[in-house]
$ cat entry.tsv   # TSV, C-alpha atoms
chain	number	residue	atom	x	y	z
Z	1	MET	CA	202.34	101.73	103.13
Z	2	CYS	CA	205.52	100.56	101.41
Z	3	ARG	CA	208.44	99.99	103.78
Z	4	GLN	CA	210.99	100.82	101.08
Z	5	CYS	CA	209.80	104.11	99.57
Z	6	HIS	CA	206.91	104.93	102.00
Z	7	ASN	CA	204.47	105.36	99.13
Z	8	ARG	CA	200.91	104.12	99.11
Z	9	HIS	CA	201.39	100.58	97.82
Z	10	HIS	CA	202.33	97.21	99.27
Z	11	THR	CA	205.98	96.45	99.94
Z	12	LEU	CA	205.84	93.37	97.67
Z	13	LEU	CA	204.86	95.63	94.78
Z	14	HIS	CA	207.83	97.93	95.24
Z	15	ILE	CA	210.14	98.30	92.23
Z	16	ASP	CA	213.67	99.43	92.91
Z	17	ARG	CA	214.32	101.79	90.01
Z	18	HIS	CA	218.07	101.77	90.75
Z	19	THR	CA	218.37	98.11	89.79
Z	20	GLN	CA	215.21	97.31	87.80
Z	21	PRO	CA	215.40	98.13	84.07
Z	22	ASN	CA	212.61	100.18	82.62
Z	23	VAL	CA	210.93	98.00	80.00
Z	24	LYS	CA	209.21	99.96	77.29
Z	25	GLY	CA	207.66	99.23	73.99
Z	26	SER	CA	209.53	99.13	70.73
Z	27	THR	CA	210.65	102.54	69.52
Z	28	ASN	CA	213.16	104.08	67.15
Z	29	ASN	CA	214.33	106.80	69.56
Z	30	ASN	CA	216.97	104.68	71.27
Z	31	ARG	CA	219.45	107.17	72.65
Z	32	PRO	CA	222.23	106.13	75.04
Z	33	ALA	CA	221.89	107.20	78.63
Z	34	ASP	CA	224.09	110.04	79.79
Z	35	THR	CA	225.90	108.81	82.86
Z	36	LYS	CA	227.96	112.01	83.45
Z	37	GLY	CA	227.01	113.52	86.75
Z	38	ASN	CA	224.26	110.94	87.20
Z	39	PRO	CA	225.40	107.86	89.11
Z	40	THR	CA	221.90	106.33	88.97
Z	41	ALA	CA	221.25	106.54	85.24
Z	42	GLU	CA	218.28	104.60	83.87
Z	43	VAL	CA	218.87	101.62	81.62
Z	44	ASN	CA	216.24	101.50	78.88
Z	45	ALA	CA	215.49	98.07	77.45
Z	46	TYR	CA	213.66	98.13	74.14
Z	47	CYS	CA	211.79	94.93	73.38
Z	48	SER	CA	209.69	93.75	70.49
Z	49	PHE	CA	207.67	90.53	70.37
Z	50	LYS	CA	206.87	88.62	67.24
Z	51	ARG	CA	203.87	86.32	67.39
Z	52	LYS	CA	203.66	83.33	65.13
Z	53	PRO	CA	200.21	83.22	63.54
Z	54	ARG	CA	198.12	80.19	64.32
Z	55	LYS	CA	195.96	78.39	61.82
Z	56	HIS	CA	192.30	78.00	62.55
Z	57	ILE	CA	191.37	74.37	63.25
Z	58	LEU	CA	187.97	73.33	61.99
Z	59	LEU	CA	186.02	70.72	63.99
Z	60	ALA	CA	183.79	68.17	62.28
Z	61	THR	CA	180.09	68.99	62.62
Z	62	ALA	CA	176.96	67.42	61.17
Z	63	VAL	CA	173.27	68.18	61.13
Z	64	VAL	CA	171.19	65.15	62.15
Z	65	GLU	CA	167.48	64.64	62.67
Z	66	VAL	CA	166.39	63.80	66.22
Z	67	GLN	CA	162.95	62.48	67.13
Z	68	ASN	CA	161.00	64.63	69.59
Z	69	LYS	CA	158.27	63.65	72.04
Z	70	SER	CA	155.58	63.83	69.34
Z	71	GLY	CA	157.47	61.48	67.00
Z	72	GLN	CA	158.55	64.24	64.61
Z	73	TYR	CA	162.17	64.65	63.52
Z	74	VAL	CA	163.88	67.94	64.30
Z	75	PRO	CA	167.29	68.98	62.84
Z	76	CYS	CA	170.02	69.32	65.46
Z	77	ARG	CA	173.68	70.23	65.08
Z	78	ALA	CA	176.14	67.63	66.37
Z	79	LEU	CA	179.87	67.73	67.03
Z	80	LEU	CA	181.72	64.54	66.08
Z	81	ASP	CA	184.34	63.71	68.71
Z	82	SER	CA	186.45	60.54	68.65
Z	83	ALA	CA	188.00	61.28	72.07
Z	84	SER	CA	184.83	61.17	74.15
Z	85	GLN	CA	183.67	58.03	75.95
Z	86	SER	CA	180.10	59.31	76.23
Z	87	HIS	CA	177.46	61.12	74.23
Z	88	PHE	CA	176.16	64.51	75.39
Z	89	ILE	CA	173.18	66.73	74.74
Z	90	THR	CA	172.45	70.26	75.88
Z	91	GLU	CA	169.63	71.09	78.26
Z	92	ARG	CA	168.26	73.56	75.73
Z	93	CYS	CA	167.99	70.85	73.09
Z	94	VAL	CA	166.19	68.54	75.54
Z	95	GLN	CA	163.67	71.27	76.29
Z	96	ARG	CA	163.16	71.94	72.59
Z	97	LEU	CA	162.53	68.26	71.90
Z	98	ARG	CA	160.43	67.88	75.09
Z	99	LEU	CA	162.19	64.64	76.01
Z	100	SER	CA	161.78	62.87	79.34
Z	101	ARG	CA	164.83	62.83	81.61
Z	102	THR	CA	166.31	60.08	83.74
Z	103	GLN	CA	168.06	61.05	86.95
Z	104	ILE	CA	171.68	59.89	87.19
Z	105	HIS	CA	174.80	60.93	89.08
Z	106	ALA	CA	177.96	60.74	86.98
Z	107	SER	CA	181.30	62.52	87.02
Z	108	ILE	CA	182.85	63.76	83.77
Z	109	GLN	CA	186.59	64.27	83.60
Z	110	GLY	CA	188.23	66.46	80.99
Z	111	ILE	CA	191.59	68.00	80.22
Z	112	SER	CA	193.89	68.62	83.23
Z	113	ASN	CA	191.63	66.49	85.45
Z	114	VAL	CA	188.88	69.11	85.39
Z	115	ASN	CA	185.77	67.41	86.74
Z	116	THR	CA	182.14	68.30	86.23
Z	117	ALA	CA	178.96	66.46	87.11
Z	118	THR	CA	175.81	65.54	85.25
Z	119	HIS	CA	172.57	64.68	86.98
Z	120	HIS	CA	170.26	63.70	84.09
Z	121	SER	CA	170.38	61.62	80.93
Z	122	VAL	CA	168.01	61.18	77.99
Z	123	SER	CA	167.51	58.54	75.33
Z	124	ILE	CA	167.30	59.90	71.78
Z	125	HIS	CA	166.64	58.37	68.38
Z	126	LEU	CA	168.40	60.08	65.48
Z	127	ARG	CA	168.79	59.47	61.78
Z	128	SER	CA	170.82	60.72	58.86
Z	129	ARG	CA	169.46	63.20	56.36
Z	130	HIS	CA	171.24	61.58	53.41
Z	131	THR	CA	171.21	57.81	54.11
Z	132	ASP	CA	169.00	55.27	55.86
Z	133	TRP	CA	171.32	55.15	58.90
Z	134	HIS	CA	169.70	55.61	62.31
Z	135	ALA	CA	170.61	54.87	65.93
Z	136	THR	CA	169.42	55.19	69.51
Z	137	LEU	CA	171.78	56.88	71.95
Z	138	HIS	CA	171.85	57.51	75.68
Z	139	CYS	CA	173.18	61.02	76.23
Z	140	ALA	CA	174.23	62.76	79.40
Z	141	MET	CA	172.68	66.21	79.71
Z	142	LEU	CA	174.82	69.30	80.21
Z	143	SER	CA	173.94	72.98	80.37
Z	144	HIS	CA	176.48	73.71	77.61
Z	145	ILE	CA	178.80	71.52	75.54
Z	146	THR	CA	181.01	74.16	73.94
Z	147	ALA	CA	180.91	77.64	72.48
Z	148	THR	CA	179.86	78.35	68.93
Z	149	ALA	CA	181.69	76.38	66.28
Z	150	PRO	CA	183.50	77.74	64.40
Z	151	SER	CA	184.32	80.78	66.52
Z	152	THR	CA	184.33	83.12	63.50
Z	153	LYS	CA	182.94	83.04	59.98
Z	154	LEU	CA	185.32	81.39	57.51
Z	155	ASP	CA	186.01	82.53	53.97
Z	156	THR	CA	185.72	79.35	51.85
Z	157	ARG	CA	185.86	80.89	48.38
Z	158	SER	CA	189.35	79.48	47.76
Z	159	TRP	CA	188.64	76.02	49.15
Z	160	LYS	CA	187.11	74.68	45.94
Z	161	ILE	CA	184.67	72.32	47.64
Z	162	PRO	CA	183.30	69.80	45.12
Z	163	LYS	CA	179.76	70.36	44.00
Z	164	ASP	CA	178.92	66.66	43.61
Z	165	ILE	CA	178.96	65.82	47.34
Z	166	LYS	CA	176.39	66.23	50.10
Z	167	LEU	CA	177.78	68.00	53.11
Z	168	ALA	CA	176.87	66.81	56.59
Z	169	ASP	CA	176.65	70.46	57.66
Z	170	GLU	CA	175.99	72.98	54.91
Z	171	HIS	CA	176.76	75.86	57.30
Z	172	PHE	CA	180.02	74.48	58.67
Z	173	ASP	CA	181.72	77.83	57.94
Z	174	GLN	CA	179.30	79.90	60.03
Z	175	PRO	CA	179.33	80.14	63.84
Z	176	GLY	CA	176.51	78.12	65.34
Z	177	SER	CA	175.52	76.43	68.59
Z	178	ILE	CA	176.20	72.75	69.28
Z	179	ASP	CA	173.25	70.62	70.42
Z	180	LEU	CA	174.88	67.16	70.57
Z	181	LEU	CA	178.30	65.62	71.00
Z	182	ARG	CA	178.77	62.22	69.39
Z	183	GLY	CA	181.41	60.15	71.16
Z	184	ALA	CA	183.79	57.40	70.11
Z	185	ASP	CA	181.11	54.75	70.58
Z	186	LEU	CA	179.77	55.35	67.05
Z	187	PHE	CA	182.39	57.65	65.59
Z	188	TYR	CA	184.27	55.10	63.48
Z	189	GLU	CA	181.11	53.20	62.57
Z	190	MET	CA	179.88	56.30	60.77
Z	191	LEU	CA	182.98	56.66	58.62
Z	192	ARG	CA	183.03	55.57	54.99
Z	193	SER	CA	185.88	54.98	52.56
Z	194	GLY	CA	185.58	58.31	50.75
Z	195	ARG	CA	188.24	60.89	51.58
Z	196	ARG	CA	189.48	63.94	49.70
Z	197	THR	CA	192.47	66.13	50.53
Z	198	ARG	CA	194.09	69.16	48.97
Z	199	PRO	CA	197.71	70.37	49.27
Z	200	GLY	CA	198.16	73.27	51.64
Z	201	ASN	CA	196.34	74.36	54.75
Z	202	TYR	CA	192.97	73.02	53.75
Z	203	PRO	CA	190.62	70.78	55.75
Z	204	VAL	CA	190.06	67.12	54.98
Z	205	LEU	CA	186.82	66.01	53.39
Z	206	GLN	CA	185.66	62.74	54.99
Z	207	GLU	CA	182.68	60.73	53.85
Z	208	THR	CA	180.34	59.53	56.61
Z	209	VAL	CA	176.83	58.13	56.86
Z	210	LEU	CA	175.75	61.65	57.79
Z	211	GLY	CA	177.32	63.22	54.70
Z	212	TRP	CA	180.75	64.70	53.99
Z	213	THR	CA	182.41	66.42	56.94
Z	214	LEU	CA	185.23	68.96	56.93
Z	215	SER	CA	187.83	69.10	59.68
Z	216	GLY	CA	191.45	70.12	60.15
Z	217	ARG	CA	193.57	73.13	59.26
Z	218	THR	CA	192.13	76.04	57.31
Z	219	PRO	CA	193.77	78.86	55.32
Z	220	ALA	CA	192.18	81.47	57.59
Z	221	PRO	CA	194.57	82.52	60.39
Z	222	ALA	CA	193.11	82.53	63.86
Z	223	THR	CA	193.02	85.81	65.74
Z	224	HIS	CA	194.40	86.16	69.24
Z	225	THR	CA	190.85	86.22	70.60
Z	226	ASP	CA	189.82	82.90	69.08
Z	227	PRO	CA	189.57	80.29	71.83
Z	228	GLN	CA	191.02	76.85	71.33
Z	229	HIS	CA	188.81	73.88	72.20
Z	230	THR	CA	189.98	70.42	73.13
Z	231	PHE	CA	187.48	67.64	73.67
Z	232	LEU	CA	188.62	64.72	75.75
Z	233	LEU	CA	185.89	63.50	78.06
Z	234	ARG	CA	185.81	60.47	80.30
Z	235	GLN	CA	182.83	59.41	82.36
Z	236	ASP	CA	183.60	58.08	85.83
Z	237	SER	CA	180.49	56.82	87.58
Z	238	SER	CA	182.12	54.54	90.15
Z	239	LEU	CA	180.29	54.39	93.46
Z	240	GLU	CA	183.46	54.83	95.49
Z	241	HIS	CA	184.41	58.01	93.61
Z	242	ASN	CA	180.94	59.52	94.05
Z	243	LEU	CA	180.87	58.74	97.77
Z	244	ASN	CA	184.31	60.22	98.31
Z	245	HIS	CA	183.28	63.34	96.40
Z	246	PHE	CA	180.12	63.60	98.51
Z	247	TRP	CA	182.04	63.52	101.78
Z	248	GLU	CA	184.59	66.01	100.48
Z	249	VAL	CA	181.93	68.49	99.38
Z	250	GLU	CA	179.59	68.10	102.35
Z	251	PRO	CA	181.46	67.23	105.54
Z	252	VAL	CA	179.26	65.86	108.30
Z	253	GLU	CA	179.15	68.02	111.39
Z	254	GLN	CA	178.88	66.49	114.83
Z	255	SER	CA	175.40	67.14	116.19
Z	256	THR	CA	175.01	68.52	119.69
Z	257	MET	CA	172.20	67.07	121.82
Z	258	THR	CA	170.25	68.90	124.43
Z	259	ALA	CA	170.05	67.67	128.01
Z	260	GLU	CA	166.60	66.24	127.36
Z	261	GLN	CA	167.81	64.33	124.27
Z	262	GLN	CA	170.77	62.94	126.22
Z	263	ALA	CA	168.39	61.79	128.97
Z	264	CYS	CA	166.21	59.98	126.36
Z	265	GLU	CA	169.22	58.21	124.87
Z	266	GLN	CA	170.42	57.18	128.33
Z	267	HIS	CA	166.93	55.94	129.21
Z	268	PHE	CA	166.76	53.81	126.05
Z	269	SER	CA	170.13	52.17	126.70
Z	270	THR	CA	169.31	51.32	130.36
Z	271	HIS	CA	165.60	50.40	130.15
Z	272	THR	CA	165.52	48.29	126.97
Z	273	THR	CA	165.06	44.53	126.86
Z	274	GLN	CA	164.85	42.18	123.89
Z	275	GLN	CA	162.20	39.43	123.78
Z	276	ASP	CA	161.70	37.20	120.75
Z	277	GLY	CA	163.46	39.68	118.50
Z	278	ARG	CA	161.39	42.60	119.74
Z	279	TYR	CA	162.60	45.58	121.68
Z	280	VAL	CA	160.63	46.51	124.80
Z	281	VAL	CA	161.40	49.85	126.38
Z	282	LYS	CA	159.85	51.57	129.34
Z	283	LEU	CA	158.20	54.86	128.41
Z	284	PRO	CA	160.19	57.79	129.75
Z	285	THR	CA	158.48	60.34	131.93
Z	286	LYS	CA	159.42	63.92	132.54
Z	287	MET	CA	160.25	65.17	136.00
Z	288	ILE	CA	157.78	67.57	137.58
Z	289	PRO	CA	159.19	71.08	137.24
Z	290	SER	CA	160.19	72.76	140.45
Z	291	GLY	CA	157.69	75.29	141.79
Z	292	LEU	CA	154.64	73.45	140.42
Z	293	ASN	CA	152.09	72.51	143.16
Z	294	LEU	CA	150.49	69.41	141.65
Z	295	HIS	CA	148.31	68.79	144.76
Z	296	ALA	CA	146.76	72.26	144.55
Z	297	SER	CA	146.07	71.80	140.84
Z	298	LEU	CA	144.24	68.53	141.49
Z	299	GLN	CA	142.12	70.11	144.23
Z	300	SER	CA	141.16	72.95	141.90
Z	301	ALA	CA	140.13	70.47	139.19
Z	302	ASP	CA	137.94	68.49	141.68
Z	303	TYR	CA	136.33	71.72	142.91
Z	304	ILE	CA	135.46	72.83	139.37
Z	305	GLN	CA	134.02	69.40	138.57
Z	306	LEU	CA	131.78	69.39	141.71
Z	307	ASN	CA	130.45	72.88	141.05
Z	308	SER	CA	129.71	72.13	137.40
Z	309	GLY	CA	127.73	69.01	138.42
$ encode --input "entry.tsv" --output "structure tokens"
Amino acid sequence: MCRQCHNRHHTLLHIDRHTQPNVKGSTNNNRPADTKGNPTAEVNAYCSFKRKPRKHILLATAVVEVQNKSGQYVPCRALLDSASQSHFITERCVQRLRLSRTQIHASIQGISNVNTATHHSVSIHLRSRHTDWHATLHCAMLSHITATAPSTKLDTRSWKIPKDIKLADEHFDQPGSIDLLRGADLFYEMLRSGRRTRPGNYPVLQETVLGWTLSGRTPAPATHTDPQHTFLLRQDSSLEHNLNHFWEVEPVEQSTMTAEQQACEQHFSTHTTQQDGRYVVKLPTKMIPSGLNLHASLQSADYIQLNSG
């Protein structure tokens, strides 16, 4: 219950209509308020917002061939990222290639100190589809690397892409899943001297050992629903960081011992001797519970034994 107007809402949500302007959408019916005979006239504020259109930024992708468990090469789509200190692969791609995993514990830090963890890594051998380049990489496994890239289908009819080049990803303009992320370890080693640009908001054509990649601004404006992706990953696998994170996530609770456990611990500390590096402790015995007639039990056992003989 509101303490100001006694309506059914919280007091913090109360709006004083005597002092708060009524913000409405843009309209042409902007008539002045009549203040005659109305000391609490409303003040209408008419606002309009203009949004500057953003250009769609194309990320460099390439289709490479990765060797599976049977020795066959399977095409996989890779994202080329010069700001990542590690290489990554999706869990779905590992299952498709049937690769063996190695258990690791590493922390991955991204934008705004957002941390995530990876618990497995795989070793992959990949090669280019257009040259004789090949390499072996150790990739950390993640459930997902990013969403589909690009986020929407691009209209490339006005781009005038040369016909005499081999693209690293022939379907760069169509949304597709990302299987691998290639980090800065090999990013600049894959670059070649060829580069082609065009005036205006057009992406840059860059020659690599994987083929020609396209990245940068595009003529297609991005919609307000298009997400923006930033890739800046740093792997932090220090032992001190992992231990601190472990204690922060799983605090150790003090265990409570029963009376019997406390008696055993007290017995060990008072009846233990050390001889030639060995510990000798007297075996603890339990007290006879009250109400138990041990003498009568022994007599009954002797009687049963005599009668059975």
$ residues_around --input "entry.tsv" --residues "Asp179 (chain Z)" --least-positions-apart "5" --cutoff "9 Å" --atoms "only C-alpha atoms" --output "ChimeraX atom specification"
/Z:76-79,88-94,144-145
$ atom_distance --input "entry.tsv" --atom1 "CA of Ser193 (chain Z)" --atom2 "CA of Thr213 (chain Z)"
12.7 Å
$ atom_distance --input "entry.tsv" --atom1 "CA of Ala168 (chain Z)" --atom2 "CA of Thr146 (chain Z)"
19.3 Å
$ closest_residue --input "entry.tsv" --among "Z:Met190, Z:Gln266, Z:Ser215, Z:Gln274" --to "Trp133 (chain Z)" --atoms "only C-alpha atoms"
Z:Met190
$ atom_distance --input "entry.tsv" --atom1 "CA of Leu205 (chain Z)" --atom2 "CA of Glu65 (chain Z)"
21.5 Å
$ residues_around --input "entry.tsv" --residues "Arg101 (chain Z)" --least-positions-apart "6" --cutoff "10 Å" --atoms "only C-alpha atoms" --output "VMD selection string"
chain Z and resid 94 119 to 123 140 to 141
$ axis_aligned_box --input "entry.tsv" --around "region 130-137 of chain Z" --padding-each-side "8 Å" --output "JSON"
{"center_x": 170.4, "center_y": 58.2, "center_z": 62.7, "size_x": 18.8, "size_y": 22.7, "size_z": 34.5}
$ closest_residue --input "entry.tsv" --among "Z:Tyr279, Z:Ile178, Z:Lys163, Z:Ala184" --to "Trp212 (chain Z)" --atoms "only C-alpha atoms"
Z:Lys163
$ residues_near_point --input "entry.tsv" --point "(172.3, 61.7, 58.2)" --cutoff "6 Å" --atoms "all atoms listed in the file" --output "JSON, numbers by chain"
{"Z": [64, 127, 128, 129, 130, 131, 209, 210]}
$ closest_residue --input "entry.tsv" --among "Z:Asp185, Z:Thr256, Z:Ile57, Z:Val66" --to "Arg96 (chain Z)" --atoms "all atoms listed in the file"
Z:Val66
$ residues_near_point --input "entry.tsv" --point "(182.5, 71.5, 62.3)" --cutoff "10 Å" --atoms "only C-alpha atoms" --output "list in words"
Ile57, Leu58, Leu59, Ala60, Thr61, Ala62, Val63, Arg77, Ala78, Leu79, Leu80, Thr148, Ala149, Pro150, Ala168, Asp169, Glu170, His171, Phe172, Asp173, Gln174, Pro175, Gly176, Ile178, Thr213, Leu214, Ser215 and Gly216 of chain Z
$ write_last_selection --input "entry.tsv" --atoms "C-alpha atoms" --output "PDB file, in the coordinates of the input"
ATOM      1  CA  ILE Z  57     191.370  74.370  63.250  1.00  0.00           C
ATOM      2  CA  LEU Z  58     187.970  73.330  61.990  1.00  0.00           C
ATOM      3  CA  LEU Z  59     186.020  70.720  63.990  1.00  0.00           C
ATOM      4  CA  ALA Z  60     183.790  68.170  62.280  1.00  0.00           C
ATOM      5  CA  THR Z  61     180.090  68.990  62.620  1.00  0.00           C
ATOM      6  CA  ALA Z  62     176.960  67.420  61.170  1.00  0.00           C
ATOM      7  CA  VAL Z  63     173.270  68.180  61.130  1.00  0.00           C
ATOM      8  CA  ARG Z  77     173.680  70.230  65.080  1.00  0.00           C
ATOM      9  CA  ALA Z  78     176.140  67.630  66.370  1.00  0.00           C
ATOM     10  CA  LEU Z  79     179.870  67.730  67.030  1.00  0.00           C
ATOM     11  CA  LEU Z  80     181.720  64.540  66.080  1.00  0.00           C
ATOM     12  CA  THR Z 148     179.860  78.350  68.930  1.00  0.00           C
ATOM     13  CA  ALA Z 149     181.690  76.380  66.280  1.00  0.00           C
ATOM     14  CA  PRO Z 150     183.500  77.740  64.400  1.00  0.00           C
ATOM     15  CA  ALA Z 168     176.870  66.810  56.590  1.00  0.00           C
ATOM     16  CA  ASP Z 169     176.650  70.460  57.660  1.00  0.00           C
ATOM     17  CA  GLU Z 170     175.990  72.980  54.910  1.00  0.00           C
ATOM     18  CA  HIS Z 171     176.760  75.860  57.300  1.00  0.00           C
ATOM     19  CA  PHE Z 172     180.020  74.480  58.670  1.00  0.00           C
ATOM     20  CA  ASP Z 173     181.720  77.830  57.940  1.00  0.00           C
ATOM     21  CA  GLN Z 174     179.300  79.900  60.030  1.00  0.00           C
ATOM     22  CA  PRO Z 175     179.330  80.140  63.840  1.00  0.00           C
ATOM     23  CA  GLY Z 176     176.510  78.120  65.340  1.00  0.00           C
ATOM     24  CA  ILE Z 178     176.200  72.750  69.280  1.00  0.00           C
ATOM     25  CA  THR Z 213     182.410  66.420  56.940  1.00  0.00           C
ATOM     26  CA  LEU Z 214     185.230  68.960  56.930  1.00  0.00           C
ATOM     27  CA  SER Z 215     187.830  69.100  59.680  1.00  0.00           C
ATOM     28  CA  GLY Z 216     191.450  70.120  60.150  1.00  0.00           C
TER      29      GLY Z 216
END
$ closest_residue --input "entry.tsv" --among "Z:Cys264, Z:Asp81, Z:Gln103, Z:His56" --to "Pro203 (chain Z)" --atoms "all atoms listed in the file"
Z:His56
$ closest_residue --input "entry.tsv" --among "Z:His105, Z:Leu126, Z:Leu142, Z:Thr270" --to "Gln67 (chain Z)" --atoms "only C-alpha atoms"
Z:Leu126
$ closest_residue --input "entry.tsv" --among "Z:His87, Z:His138, Z:Ala117, Z:His271" --to "Thr102 (chain Z)" --atoms "only C-alpha atoms"
Z:His138
$ residues_around --input "entry.tsv" --residues "Arg157 (chain Z)" --least-positions-apart "3" --cutoff "12 Å" --atoms "only C-alpha atoms" --output "short mmCIF file (atom, residue, chain, number, x, y, z; two decimals) with C-alpha atoms, in the coordinates of the input"
data_model
loop_
_atom_site.label_atom_id
_atom_site.label_comp_id
_atom_site.auth_asym_id
_atom_site.auth_seq_id
_atom_site.Cartn_x
_atom_site.Cartn_y
_atom_site.Cartn_z
CA LEU Z 154 185.32 81.39 57.51
CA LYS Z 160 187.11 74.68 45.94
CA ILE Z 161 184.67 72.32 47.64
CA PRO Z 162 183.30 69.80 45.12
CA ASP Z 173 181.72 77.83 57.94
CA TYR Z 202 192.97 73.02 53.75
CA THR Z 218 192.13 76.04 57.31
CA PRO Z 219 193.77 78.86 55.32
CA ALA Z 220 192.18 81.47 57.59
#
